[in-house]
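Visitor: Attaching a single structure in structure tokens format; questions to follow.
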Amino acid sequence: MKFITRAIKAGLVAVSLLGPGTALAQDRASTLRVVVHANLQILDPVWTTAFITGRHAYLIYDTLYAMNSRFEPRPQMAEGHEVLEDGLVYRIRLREGLRFHDGNPVRAQDAVASLRRWSMRDAMGQRMASVTASIDVVDDRTFEIRLKEQWGLVIETLAKASNPAFIMPERIAQTPPTTQVTETIGSGPFIFVREEWRPGNVVVYRRNPDYVPRDEPADYMSGGKRALVERVEWRYIPDHNTSLAALNAGEIDYFEAPPLDFIASLERNRNVRIVKIDPLGTQGAIRPNSLFPPFNDPRARQALAHLVRQEDYMRVVVGNPQLYQAFCGAFFQCGSGNETTVGSEPFRQPNVERAKELFREAGYKGEPIVVLQPTDRAQYNAATMVLVQSLRRAGVNVDVQAMDWSTLLSRRASRNPPDQGGYHIFITTHGGPDTAMPVSNSWFNSRCDRANPGWACDMELDAMVAEWAKESDAEKRRPILERIHRRAWETLPYIPFGQYTQPVAVRSNIHGILAAGMPVYWNIEKR
Amino acid sequence: MGSYIARRILATLPVLGVVAVIVFLLLRLSPGDPAAIIAGDHATADDIAQIRRELGLDRPLLEQFILWLGQLLSGDFGNSIYLDRPVLGLIAERVEPTLALSLTTMAFAILLAIPAGVVAAWRAGSWVDQAFMALSVLAFSVPVFLIGYGLVMGLSLGLDILPVQGFVSLWDDPLGFAAHLVLPTVALGLVYTALLARITRATMLETLNEDFIRTARAKGLAEPRVLILHALKNASVPIVTTIGTGIALLIGGVVVTESVFAIPGIGRLTIDAVLQRDYPVIQGVILVIAGIYVFVNLAIDLTYSLLDPRIRY
């Protein structure tokens, strides 16, 4: 048998040497082959908040500022800034020598147009726009953000990690934010190779030879973005088993989001390494619908929180204890600079009797509680099943409605009553530095009609968040943060059900993977 | 014959019309919203509503249908909601992998199933017959994805002689093309082989009991000549029918096989479009598949007259 196998292999190698395979082998040495978590279809990071589009954008665009591993904003395209006129003017100067992929220099006009377009769509950008009087070009490398009132988060907003303000050429950035941009000209470390893009199959990027990295070493999303491979190829393989087999066989180098139950099997392969890239991790969230009884009453939401034992969720959703925390009572993520557990004390252990009492006080009389269950999202599905079980243990009449994720996304946007196409509860997750700030944590946003689906509504909490955002002194912010947190555990915009990390799996010859909170492809070497 | 073909082609138009209406209505009435998917996980309801307006999905159903029908009649299948690219172009990009997989599967199945079915019928009741039929039951019963994963485990991860996944164009690398098609062809082809082998056996058994076979043998014709020229040719009409109807089975199987082996074909395009509610792509793919199916049936009807001179149109 061995002889036959060897003979077949030898034959294949011999024939491949005669064909175009040699060039392919050379290409492989300088090409990073990645299985990504989703199919890249939309190229405009302003038009959608889809993660895959954001990751694409990080390859080809650059940002003015970026977070370092201590979650401090650091200059990226910016050389630096001055704060003038008692905190009302931020004058930002661009680095010298920056160029777009079409060869044109990056100018202040490009940054201003990009900021204007982005701030019309992004939630943090909109907040900043609401306190901004104007954004003006000073000269080709300098521009000013003039505020109407003091606001302490200007640089943090420009450095936000998810859905940041990517800088595009002015003529492209002048596209209305409601229209997708069609060109993909950035100034980032890689160039999008449109002619090789096959949606649903492969996306190709090549190294930008003109990119000028910062001198500092790469750190989280900040520092020098050095492209150390010639090409990055994103492969979209929707079947996880196939991706796993392809990684084990060495057909791919990098598996961006291996299902958590694959980790143990991958760890057994000596040619594969598991790398944790997200120091903060992902937070699970149970989202009640605040529009309808019983969850329009905070007591019912507290009852829900009293039913949650985070470790139960983590055991089912994640499995491997090395990848999760047994309890994290922080809305703004354990491990972040804004970590606090103030107010979470009553909810550290489940209390079914107290939950029953609170449901009664909130007027719940056994009506069906509609829970949306996405059967095609393994982690959400598992968490939903734990939730349903705990609700039933408390005597709640649960109506579990199974559906695919696409249906759930449209269903959860419905403001109809639960018995007319609406719902009571769904599960979601979020993470990264944006979750770690009260002002950018999108599920924490409690601005009623302007909140995310579920429409958390607590204008007092929102006022506290605005007060926190206005304050630029970190020490003065802390007591405000603790007040926010205490209030949040009373009114509960969502109920955290645990914090865990999603590692990546790579071949053992892949080095330099950054713990940047999300997969990034600079700094990576293939030896 | 010419007028028959023309009549049959004309008859396909109402069929495709009905398919178009049903597909359009089914998609619009089923839950799910591409705007919600585009907007992303952290979008507000207002963001979603805005995208819905931008895509024209908030217009009345009838208006959307008339718009789409108008495009369709002018040969335009519309653009993908996500990619903003013509649907026909997307389908054209995916034709090569699906066509290659379908043709190799058909060839694999026909080359294996017909000899197996003929031998089984010729040696009916013997251990050879029983072995072939037991194997065909097994192949027909095991799901395609299980066969696929089994082959990957054995031949790709175990013996490391064939690639796990992907597709290479014939024009870029003929050897790579062949190597990437072996496992998917076997995985998809086994089910089809089993079906075809059983039909061949049953039809051959019937034919071998006919008087003209007894006459042929009595004349002293060699057994292979009796089996192939006399029996198989007369049994071929039901076999060809099965090959034709099996194309529907093949289309279903291609969807699964392309997913298991990460082949970027029409099956994958369909699944991705369905999961994301990319209405124009789903509508376009289904219309194209329905068209292919109708024309394959027409081609099969026409081959009957070649196989059996008594059939005339």
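Numbering starts fresh at 1 for the residues of each chain in the structure tokens, the chains themselves are lettered A, B, ... in the order given, and ligands are numbered from 1 as they appear.
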List every residue of stretch 208-425 of chain A that DSSP, applied to the backbone, labels as helix (DSSP H, G or I), and write the result as a VMD selection string.
Guide: chain A and resid 240 to 248 260 to 267 298 to 306 310 to 317 321 to 323 345 to 347 352 to 361 378 to 393 405 to 412 418 to 420
Visitor: Should the cut-off be 9 Å, what would the residue list for chain B against chain A look like, counting only C-alpha atoms, as a PyMOL selection string?
Guide: chain B and resi 30-48+50-51+54+82-84+90+93+149+152-153+156-157+159-161+163-166+172-176+259-264+268-269+272+275-277
Visitor: Fewer than 6 positions away in the same chain doesn't count, so skip those; otherwise give me all residues within 9 Å of A:Val212, counting only C-alpha atoms, as a PyMOL selection string.
Guide: chain A and resi 97-99+188-189+224-226
Visitor: Between atom CA of A:Ile369 and atom CA of A:His424, what is the spacing in Å?
Guide: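 If I compute the distance from atom CA of A:His424 to atom CA of A:Ile369, I get 6.0 Å.
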Visitor: When you count only C-alpha atoms, which of these residues is closest to A:Pro294: A:Leu59, A:Val396, A:Ala227, A:Val316?
Guide: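 Nearest to A:Pro294: A:Val396.
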Visitor: Point out the residue among B:Pro238, B:Leu181, B:Arg217, B:Asn297 with the least atom-to-atom distance to B:Pro97, counting only C-alpha atoms.
Guide: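 Of all the options, B:Leu181 lies closest to B:Pro97.
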Visitor: Pick out each residue of stretch 59-161 of chain A that DSSP on the backbone tags as strand (DSSP E or B); I need them as an MDAnalysis selection string.
Guide: chainID A and resid 63 65:67 73:75 78:84 89:94 99 105 132:139 142:147
Visitor: Which neighbours of A:Tyr220 fall inside 9 Å, counting only C-alpha atoms, when residues of the same chain fewer than 3 positions from it are skipped, and could you give them as an MDAnalysis selection string?
Guide: chainID A and resid 66:71 223 514:517
Visitor: Taking only C-alpha atoms into account, which of B:Thr200, B:Gln64, B:Thr105, B:Thr303 comes nearest B:Ala231?
Guide: B:Thr200
Visitor: Using Å and a single decimal, report how far atom CA of A:Thr142 sits from atom CA of A:Arg95.
Guide: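 Answer for the atom CA of A:Arg95 to atom CA of A:Thr142 separation: 9.6 Å.
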Visitor: If we count only C-alpha atoms, what is near B:Gly78 at a cut-off of 7 Å, once residues fewer than 2 positions away on the same chain are taken out, given as a list of chain:residue names?
Guide: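 Contacts, with the query itself left out: B:Gln71, B:Asp76, B:Ser80, B:Pro86, B:Val87, B:Pro280.
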Visitor: State, in Å with one decimal place, the distance from atom CA of B:Thr242 to atom CA of B:Leu208.
Guide: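 For atom CA of B:Thr242 relative to atom CA of B:Leu208, the distance reads 19.3 Å.
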